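Asks: Quick one, run_34.cif (mmCIF, C-alpha atoms):
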```
data_my_file
#
loop_
_atom_site.group_PDB
_atom_site.id
_atom_site.type_symbol
_atom_site.label_atom_id
_atom_site.label_comp_id
_atom_site.auth_asym_id
_atom_site.auth_seq_id
_atom_site.Cartn_x
_atom_site.Cartn_y
_atom_site.Cartn_z
ATOM 1 C CA MET K 26 114.805 -4.841 -83.718
ATOM 2 C CA LYS K 27 115.894 -1.292 -82.903
ATOM 3 C CA LYS K 28 116.271 -0.535 -86.606
ATOM 4 C CA LEU K 29 112.783 -1.899 -87.290
ATOM 5 C CA PHE K 30 111.265 0.195 -84.476
ATOM 6 C CA GLY K 31 113.069 3.294 -85.745
ATOM 7 C CA THR K 32 111.566 2.705 -89.186
ATOM 8 C CA PHE K 33 108.109 2.447 -87.602
ATOM 9 C CA LEU K 34 108.581 5.758 -85.752
ATOM 10 C CA LEU K 35 109.664 7.578 -88.886
ATOM 11 C CA SER K 36 106.749 6.166 -90.902
ATOM 12 C CA ALA K 37 104.272 7.201 -88.216
ATOM 13 C CA ALA K 38 105.757 10.683 -88.100
ATOM 14 C CA LEU K 39 105.400 11.083 -91.841
ATOM 15 C CA LEU K 40 101.725 10.137 -91.648
ATOM 16 C CA SER K 41 100.952 12.509 -88.763
ATOM 17 C CA GLY K 42 102.906 15.533 -89.925
ATOM 18 C CA CYS K 43 105.631 15.906 -92.518
ATOM 19 C CA SER K 44 109.217 14.778 -92.481
ATOM 20 C CA SER K 45 112.210 16.383 -90.789
ATOM 21 C CA MET K 46 114.458 19.085 -92.250
ATOM 22 C CA ARG K 47 113.696 18.409 -95.924
ATOM 23 C CA TYR K 48 111.095 21.192 -95.707
ATOM 24 C CA ALA K 49 113.367 24.007 -94.541
ATOM 25 C CA ASP K 50 116.730 25.564 -95.267
ATOM 26 C CA ILE K 51 118.921 27.195 -92.649
ATOM 27 C CA ASP K 52 118.600 30.963 -92.916
ATOM 28 C CA GLU K 53 122.245 32.007 -92.847
ATOM 29 C CA SER K 54 121.543 35.757 -93.022
ATOM 30 C CA PRO K 55 118.028 36.645 -91.808
ATOM 31 C CA ALA K 56 116.931 39.963 -93.299
ATOM 32 C CA GLN K 57 116.327 42.892 -90.995
ATOM 33 C CA PRO K 58 112.637 43.851 -90.868
ATOM 34 C CA GLN K 59 111.491 47.049 -92.519
ATOM 35 C CA GLU K 60 110.932 50.009 -90.235
ATOM 36 C CA GLY K 61 107.355 50.092 -88.965
ATOM 37 C CA ASN K 62 106.769 46.356 -89.357
ATOM 38 C CA ALA K 63 106.551 43.733 -86.623
ATOM 39 C CA THR K 64 107.974 40.210 -86.548
ATOM 40 C CA ILE K 65 106.691 37.027 -84.963
ATOM 41 C CA THR K 66 109.025 34.073 -84.414
ATOM 42 C CA PHE K 67 107.879 30.505 -83.750
ATOM 43 C CA TYR K 68 110.478 28.268 -82.095
ATOM 44 C CA ARG K 69 110.932 24.697 -80.817
ATOM 45 C CA ASP K 70 113.500 24.074 -78.101
ATOM 46 C CA ASP K 71 112.157 20.610 -77.220
ATOM 47 C CA LEU K 72 115.184 18.455 -77.958
ATOM 48 C CA ASN K 73 114.948 16.734 -74.564
ATOM 49 C CA LEU K 74 112.080 14.433 -75.640
ATOM 50 C CA ASP K 75 112.996 11.391 -77.722
ATOM 51 C CA ASP K 76 111.547 11.148 -81.241
ATOM 52 C CA LYS K 77 109.947 14.613 -81.228
ATOM 53 C CA ALA K 78 112.405 15.727 -83.878
ATOM 54 C CA LEU K 79 110.753 13.244 -86.225
ATOM 55 C CA THR K 80 107.530 15.277 -86.265
ATOM 56 C CA SER K 81 107.538 18.467 -88.335
ATOM 57 C CA VAL K 82 104.939 21.062 -87.415
ATOM 58 C CA PRO K 83 103.410 23.277 -90.122
ATOM 59 C CA VAL K 84 102.645 26.764 -88.773
ATOM 60 C CA LEU K 85 100.258 28.850 -90.866
ATOM 61 C CA LEU K 86 98.762 32.326 -90.922
ATOM 62 C CA GLU K 87 94.987 32.346 -91.296
ATOM 63 C CA LYS K 88 93.535 34.581 -93.999
ATOM 64 C CA LYS K 89 89.963 35.457 -94.965
ATOM 65 C CA ASN K 90 87.466 32.766 -96.023
ATOM 66 C CA PHE K 91 89.538 29.966 -94.467
ATOM 67 C CA GLU K 92 92.487 30.673 -96.729
ATOM 68 C CA PHE K 93 95.984 30.594 -95.241
ATOM 69 C CA GLU K 94 99.618 31.417 -95.813
ATOM 70 C CA PRO K 95 102.444 29.181 -94.549
ATOM 71 C CA VAL K 96 104.869 30.599 -92.007
ATOM 72 C CA GLY K 97 107.131 27.569 -91.929
ATOM 73 C CA ILE K 98 107.480 23.884 -91.053
ATOM 74 C CA LEU K 99 109.349 23.427 -87.792
ATOM 75 C CA ASN K 100 111.402 20.664 -86.239
ATOM 76 C CA ALA K 101 112.939 20.608 -82.780
ATOM 77 C CA GLY K 102 115.880 22.976 -82.430
ATOM 78 C CA TYR K 103 114.748 25.474 -85.077
ATOM 79 C CA LYS K 104 112.822 28.742 -85.353
ATOM 80 C CA VAL K 105 111.080 30.563 -88.182
ATOM 81 C CA ARG K 106 110.270 34.264 -88.386
ATOM 82 C CA MET K 107 107.534 36.136 -90.232
ATOM 83 C CA GLU K 108 107.453 39.881 -90.856
ATOM 84 C CA LEU K 109 104.057 41.601 -90.877
ATOM 85 C CA PRO K 110 102.550 45.092 -90.766
ATOM 86 C CA PRO K 111 101.066 46.066 -87.386
ATOM 87 C CA GLY K 112 97.600 44.610 -86.857
ATOM 88 C CA LYS K 113 95.564 41.606 -85.715
ATOM 89 C CA TYR K 114 96.358 38.093 -86.942
ATOM 90 C CA SER K 115 95.446 34.455 -86.302
ATOM 91 C CA PHE K 116 97.796 31.485 -86.599
ATOM 92 C CA PHE K 117 97.266 27.724 -86.423
ATOM 93 C CA THR K 118 99.224 24.485 -86.583
ATOM 94 C CA GLY K 119 98.379 22.290 -89.546
ATOM 95 C CA LEU K 120 98.324 18.983 -87.674
ATOM 96 C CA LYS K 121 95.546 16.463 -87.098
ATOM 97 C CA ASN K 122 94.928 18.209 -83.762
ATOM 98 C CA PRO K 123 95.289 21.878 -84.783
ATOM 99 C CA THR K 124 95.980 24.553 -82.182
ATOM 100 C CA ARG K 125 95.434 28.291 -82.525
ATOM 101 C CA LEU K 126 96.893 31.661 -81.542
ATOM 102 C CA ASN K 127 95.594 35.213 -81.953
ATOM 103 C CA ALA K 128 98.049 38.095 -82.054
ATOM 104 C CA GLU K 129 97.883 41.862 -82.116
ATOM 105 C CA LEU K 130 101.258 43.125 -83.298
ATOM 106 C CA ALA K 131 102.660 46.619 -82.783
ATOM 107 C CA ALA K 132 105.042 48.475 -85.072
ATOM 108 C CA ASP K 133 108.759 47.809 -84.598
ATOM 109 C CA LYS K 134 108.134 45.103 -81.983
ATOM 110 C CA HIS K 135 109.238 41.460 -82.028
ATOM 111 C CA TYR K 136 107.166 38.563 -80.678
ATOM 112 C CA TYR K 137 108.132 34.990 -79.790
ATOM 113 C CA VAL K 138 105.955 31.876 -79.626
ATOM 114 C CA ARG K 139 107.029 28.471 -78.325
ATOM 115 C CA LEU K 140 105.649 25.250 -79.795
ATOM 116 C CA GLU K 141 105.040 22.981 -76.817
ATOM 117 C CA THR K 142 103.764 19.417 -77.037
ATOM 118 C CA THR K 143 100.437 18.680 -75.356
ATOM 119 C CA VAL K 144 100.611 14.875 -75.709
ATOM 120 C CA LYS K 145 102.860 12.769 -73.482
ATOM 121 C CA MET K 146 104.872 9.952 -75.005
ATOM 122 C CA THR K 147 103.934 6.392 -74.125
ATOM 123 C CA ARG K 148 106.606 3.712 -73.866
ATOM 124 C CA PHE K 149 106.538 3.145 -77.623
ATOM 125 C CA GLY K 150 105.463 6.626 -78.653
ATOM 126 C CA GLU K 151 102.100 5.626 -80.118
ATOM 127 C CA ASP K 152 100.076 8.496 -78.624
ATOM 128 C CA PHE K 153 102.403 11.251 -79.732
ATOM 129 C CA LEU K 154 103.142 9.876 -83.177
ATOM 130 C CA SER K 155 99.521 9.102 -84.053
ATOM 131 C CA ASN K 156 98.050 12.350 -82.662
ATOM 132 C CA PRO K 157 100.780 14.971 -82.266
ATOM 133 C CA SER K 158 99.632 18.296 -80.893
ATOM 134 C CA PHE K 159 101.575 21.448 -80.065
ATOM 135 C CA ASP K 160 100.246 24.416 -78.117
ATOM 136 C CA LEU K 161 101.346 27.854 -79.280
ATOM 137 C CA ILE K 162 102.706 29.510 -76.120
ATOM 138 C CA PRO K 163 103.501 33.232 -76.463
ATOM 139 C CA MET K 164 106.451 34.727 -74.628
ATOM 140 C CA VAL K 165 105.304 37.654 -72.494
ATOM 141 C CA TRP K 166 107.277 40.287 -70.617
ATOM 142 C CA GLY K 167 107.480 38.171 -67.472
ATOM 143 C CA ASP K 168 109.160 35.379 -69.449
ATOM 144 C CA GLN K 169 112.143 37.406 -70.484
ATOM 145 C CA ASP K 170 114.635 35.847 -68.118
ATOM 146 C CA LYS K 171 118.043 34.687 -69.241
ATOM 147 C CA ASP K 172 116.970 31.060 -69.649
ATOM 148 C CA VAL K 173 114.093 31.839 -72.018
ATOM 149 C CA VAL K 174 116.244 34.180 -74.082
ATOM 150 C CA ARG K 175 119.007 31.563 -74.186
ATOM 151 C CA ARG K 176 116.598 28.886 -75.428
ATOM 152 C CA ILE K 177 115.259 31.144 -78.173
ATOM 153 C CA LYS K 178 118.748 32.075 -79.281
ATOM 154 C CA SER K 179 119.818 28.418 -79.254
ATOM 155 C CA CYS K 180 117.287 27.591 -81.983
ATOM 156 C CA ILE K 181 118.634 27.790 -85.526
ATOM 157 C CA PRO K 182 116.742 30.136 -87.895
ATOM 158 C CA VAL K 183 115.251 28.469 -90.956
ATOM 159 C CA LYS K 184 113.141 29.484 -93.928
ATOM 160 C CA MET K 185 110.753 27.563 -96.134
ATOM 161 C CA ASN K 186 112.194 25.970 -99.234
ATOM 162 C CA ASP K 187 110.538 24.963 -102.504
ATOM 163 C CA GLU K 188 109.781 21.472 -101.226
ATOM 164 C CA ALA K 189 107.942 22.956 -98.237
ATOM 165 C CA ARG K 190 105.842 25.167 -100.470
ATOM 166 C CA GLN K 191 105.053 22.184 -102.654
ATOM 167 C CA TRP K 192 104.014 20.171 -99.587
ATOM 168 C CA VAL K 193 101.647 22.948 -98.469
ATOM 169 C CA GLU K 194 100.174 23.243 -101.965
ATOM 170 C CA THR K 195 99.655 19.483 -102.218
ATOM 171 C CA HIS K 196 97.969 19.330 -98.800
ATOM 172 C CA ALA K 197 96.024 22.597 -99.139
ATOM 173 C CA GLN K 198 92.576 21.027 -98.886
ATOM 174 C CA GLU K 199 93.550 18.939 -95.857
ATOM 175 C CA LEU K 200 95.073 21.980 -94.146
ATOM 176 C CA GLN K 201 91.953 24.020 -94.837
ATOM 177 C CA THR K 202 89.825 21.293 -93.242
ATOM 178 C CA ARG K 203 92.065 21.311 -90.183
ATOM 179 C CA LEU K 204 91.748 25.089 -89.947
ATOM 180 C CA MET K 205 87.964 24.796 -90.055
ATOM 181 C CA ASN K 206 88.045 22.011 -87.453
ATOM 182 C CA SER K 207 90.033 24.219 -85.073
ATOM 183 C CA TYR K 208 86.909 26.342 -84.610
ATOM 184 C CA ARG K 209 85.224 23.309 -83.030
ATOM 185 C CA VAL K 210 87.828 23.341 -80.265
ATOM 186 C CA TYR K 211 88.623 27.028 -79.713
ATOM 187 C CA SER K 212 86.608 30.214 -79.354
ATOM 188 C CA GLU K 213 87.403 33.821 -78.489
ATOM 189 C CA GLY K 214 87.489 34.091 -74.709
ATOM 190 C CA GLY K 215 86.518 30.441 -74.278
ATOM 191 C CA ALA K 216 82.871 30.981 -75.154
ATOM 192 C CA PHE K 217 80.428 28.066 -75.517
ATOM 193 C CA GLY K 218 82.585 25.863 -73.296
ATOM 194 C CA LEU K 219 85.412 25.729 -75.859
ATOM 195 C CA LYS K 220 89.086 26.364 -75.207
ATOM 196 C CA PRO K 221 90.103 30.032 -75.106
ATOM 197 C CA ILE K 222 92.445 31.052 -77.916
ATOM 198 C CA PRO K 223 95.887 32.053 -76.575
ATOM 199 C CA ARG K 224 96.632 35.711 -77.281
ATOM 200 C CA ILE K 225 99.594 37.941 -77.938
ATOM 201 C CA LYS K 226 99.025 41.542 -76.856
ATOM 202 C CA PRO K 227 100.853 44.508 -78.421
ATOM 203 C CA GLU K 228 102.809 45.096 -75.213
ATOM 204 C CA ASP K 229 104.208 41.534 -75.291
ATOM 205 C CA GLY K 230 106.692 42.536 -77.966
ATOM 206 C CA VAL K 231 110.362 43.298 -77.367
ATOM 207 C CA ASP K 232 112.496 45.939 -78.998
ATOM 208 C CA ASN K 233 115.334 43.717 -80.208
ATOM 209 C CA LEU K 234 115.457 40.550 -82.279
ATOM 210 C CA LEU K 235 116.636 37.516 -80.310
#
```
What is this file in C-alpha cells?
Replies:
Amino acid sequence: MKKLFGTFLLSAALLSGCSSMRYADIDESPAQPQEGNATITFYRDDLNLDDKALTSVPVLLEKKNFEFEPVGILNAGYKVRMELPPGKYSFFTGLKNPTRLNAELAADKHYYVRLETTVKMTRFGEDFLSNPSFDLIPMVWGDQDKDVVRRIKSCIPVKMNDEARQWVETHAQELQTRLMNSYRVYSEGGAFGLKPIPRIKPEDGVDNLL
C-alpha cells in the first residue's frame, strides 16, 4: 500500500510540475560573477515537509512581449544563481499557480530569494500536489542573521542541464500562458485589488556570495 501511494505522489508531482533532480546538475565550481554585474540566487531549504522534494519548481526571468528565459528548476535542498547586469527585472514561477517577483539589482551586489510553499499539505497531500504554489520571498538586510545565512549555505548549488532546457522548450507555450495568467493575480503596488508583487530593492543586496 505504501509503495502504491508513493507511486501516486510521484505521478501527481510530475503532472503539477516537473520531476526531481533530472533537470539539474550539481554546480561543482560556480563561476565568479564579472565585475559590475549582480547575481540573484533562488533557494529552497524546505526539506522539513514530506513530499515537497517531489515537486520541481521552474523559475524564469520575464522578457519583453511575454517571452522568458529559464533561471533553473529547483527541488528542496538546492539553489540556482543567475548573473545579470544592474537594472530592473521580473521573475515568475512556471507552475499552475504562478507567483511573481520584481527586482532592481545594483552592480556588484548579491541577492537571495527563498521559494516558500503557500499551500498546506492535507493528510494525503492532494492540495499541494494538485496545485503547488511557491511564493518568492526576498532576503532583506534584516534577515541576515546566522540562521538565514546557514540555510542558504546549506543548499547545494545547481545549474540547468540539457534535459531541463528541453523541458522548458517543450512546455514553452504552457509557460507563456502561465506568465500571462500571473497578471490576473498580481499588480504593481497591489492596484485593482490584486496581490502586490514582492520587490527586491537595490539596497537589499549583500557584498559577498553566500
Asks: With all atoms listed in the file as the basis for distance, which of K:Pro182, K:Arg175, K:Glu60, K:Glu129 is at the shortest distance from K:Ala101?
Replies: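 Counting all atoms listed in the file, the residue closest to K:Ala101 is K:Pro182.
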Asks: Would you translate the PyMOL selection byres ((chain K and resi 85) around 9) into the concrete set of residues it matches in this file, as a list of chain:residue names?
Replies: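 Listing what the PyMOL selection byres ((chain K and resi 85) around 9) selects in the shown file: K:Pro83, K:Val84, K:Leu86, K:Glu87, K:Phe93, K:Glu94, K:Pro95, K:Val96, K:Gly97, K:Ile98, K:Ser115, K:Phe116, K:Phe117, K:Thr118, K:Gly119.
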Asks: Just the selected residues (C-alpha atoms), exported as a PDB file, in the frame of the given file, please.
Replies:
```pdb
ATOM      1  CA  PRO K  83     103.410  23.277 -90.122  1.00  0.00           C
ATOM      2  CA  VAL K  84     102.645  26.764 -88.773  1.00  0.00           C
ATOM      3  CA  LEU K  86      98.762  32.326 -90.922  1.00  0.00           C
ATOM      4  CA  GLU K  87      94.987  32.346 -91.296  1.00  0.00           C
ATOM      5  CA  PHE K  93      95.984  30.594 -95.241  1.00  0.00           C
ATOM      6  CA  GLU K  94      99.618  31.417 -95.813  1.00  0.00           C
ATOM      7  CA  PRO K  95     102.444  29.181 -94.549  1.00  0.00           C
ATOM      8  CA  VAL K  96     104.869  30.599 -92.007  1.00  0.00           C
ATOM      9  CA  GLY K  97     107.131  27.569 -91.929  1.00  0.00           C
ATOM     10  CA  ILE K  98     107.480  23.884 -91.053  1.00  0.00           C
ATOM     11  CA  SER K 115      95.446  34.455 -86.302  1.00  0.00           C
ATOM     12  CA  PHE K 116      97.796  31.485 -86.599  1.00  0.00           C
ATOM     13  CA  PHE K 117      97.266  27.724 -86.423  1.00  0.00           C
ATOM     14  CA  THR K 118      99.224  24.485 -86.583  1.00  0.00           C
ATOM     15  CA  GLY K 119      98.379  22.290 -89.546  1.00  0.00           C
TER      16      GLY K 119
END
```
Asks: Could you expand the PyMOL selection byres ((chain K and resi 130) around 9) into the explicit residues it covers here, written as a list in words?
Replies: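 Applying the PyMOL selection byres ((chain K and resi 130) around 9) to the structure shown produces Asn62, Ala63, Thr64, Ile65, Leu109, Pro110, Pro111, Gly112, Lys113, Tyr114, Ala128, Glu129, Ala131, Ala132, Asp133, Lys134, His135, Tyr136, Ile225, Lys226, Pro227, Glu228, Asp229 and Gly230 of chain K.
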Asks: Could you jot down the atom CA of K:Glu188 to atom CA of K:Val105 separation for me, Å, one decimal place?
Replies: 16.0 Å
Asks: Could you tell me how far atom CA of K:Met164 sits from atom CA of K:Leu126, in Å to one decimal place?
Replies: 12.2 Å
Asks: Provide the atom CA of K:Phe91 to atom CA of K:Pro223 distance in Å, to one decimal place.
Replies: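 It comes out at 19.1 Å.
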Asks: For the structure provided, state which residues fall under the PyMOL selection byres ((chain K and resi 178) around 10), and present them as a compact mmCIF listing (two decimals) with C-alpha atoms, keeping the file's coordinate frame.
Replies:
```txt
# COMPACT_ATOMS: atom_id res chain seq x y z
CA TYR K 68 110.48 28.27 -82.10
CA ASP K 70 113.50 24.07 -78.10
CA TYR K 103 114.75 25.47 -85.08
CA LYS K 104 112.82 28.74 -85.35
CA ASP K 172 116.97 31.06 -69.65
CA VAL K 173 114.09 31.84 -72.02
CA VAL K 174 116.24 34.18 -74.08
CA ARG K 175 119.01 31.56 -74.19
CA ARG K 176 116.60 28.89 -75.43
CA ILE K 177 115.26 31.14 -78.17
CA SER K 179 119.82 28.42 -79.25
CA CYS K 180 117.29 27.59 -81.98
CA ILE K 181 118.63 27.79 -85.53
CA PRO K 182 116.74 30.14 -87.90
CA LEU K 234 115.46 40.55 -82.28
CA LEU K 235 116.64 37.52 -80.31
```
Asks: Using all atoms listed in the file, which of K:Met205, K:Ile162, K:Ala197, K:Val183 sits nearest K:Ile222?
Replies: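 Closest to K:Ile222 of all the choices is K:Ile162.
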Asks: Using all atoms listed in the file, determine which residues lie at most 9 Å from K:Arg47, disregarding the query and same-chain residues fewer than 3 positions distant; provide the list as a list in words.
Replies: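 In the requested form, the answer reads Ser44, Asp50, Asn186, Glu188 and Ala189 of chain K.
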Asks: Check the smallest atom-to-atom distance from each of K:Ala56, K:Leu99, K:Val165, K:Ala216 to K:Leu120 using only C-alpha atoms, then report the winner.
Replies: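 Smallest separation from K:Leu120 among the options: K:Leu99.
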Asks: Draw an axis-aligned box tight on the listed atoms of stretch 54-73 of chain K, then pad every side by 5 Å and write out centre and edge lengths in Å to one decimal as AutoDock Vina command-line options.
Replies:
```
--center_x 114.0 --center_y 33.4 --center_z -83.9 --size_x 25.0 --size_y 43.4 --size_z 28.7
```
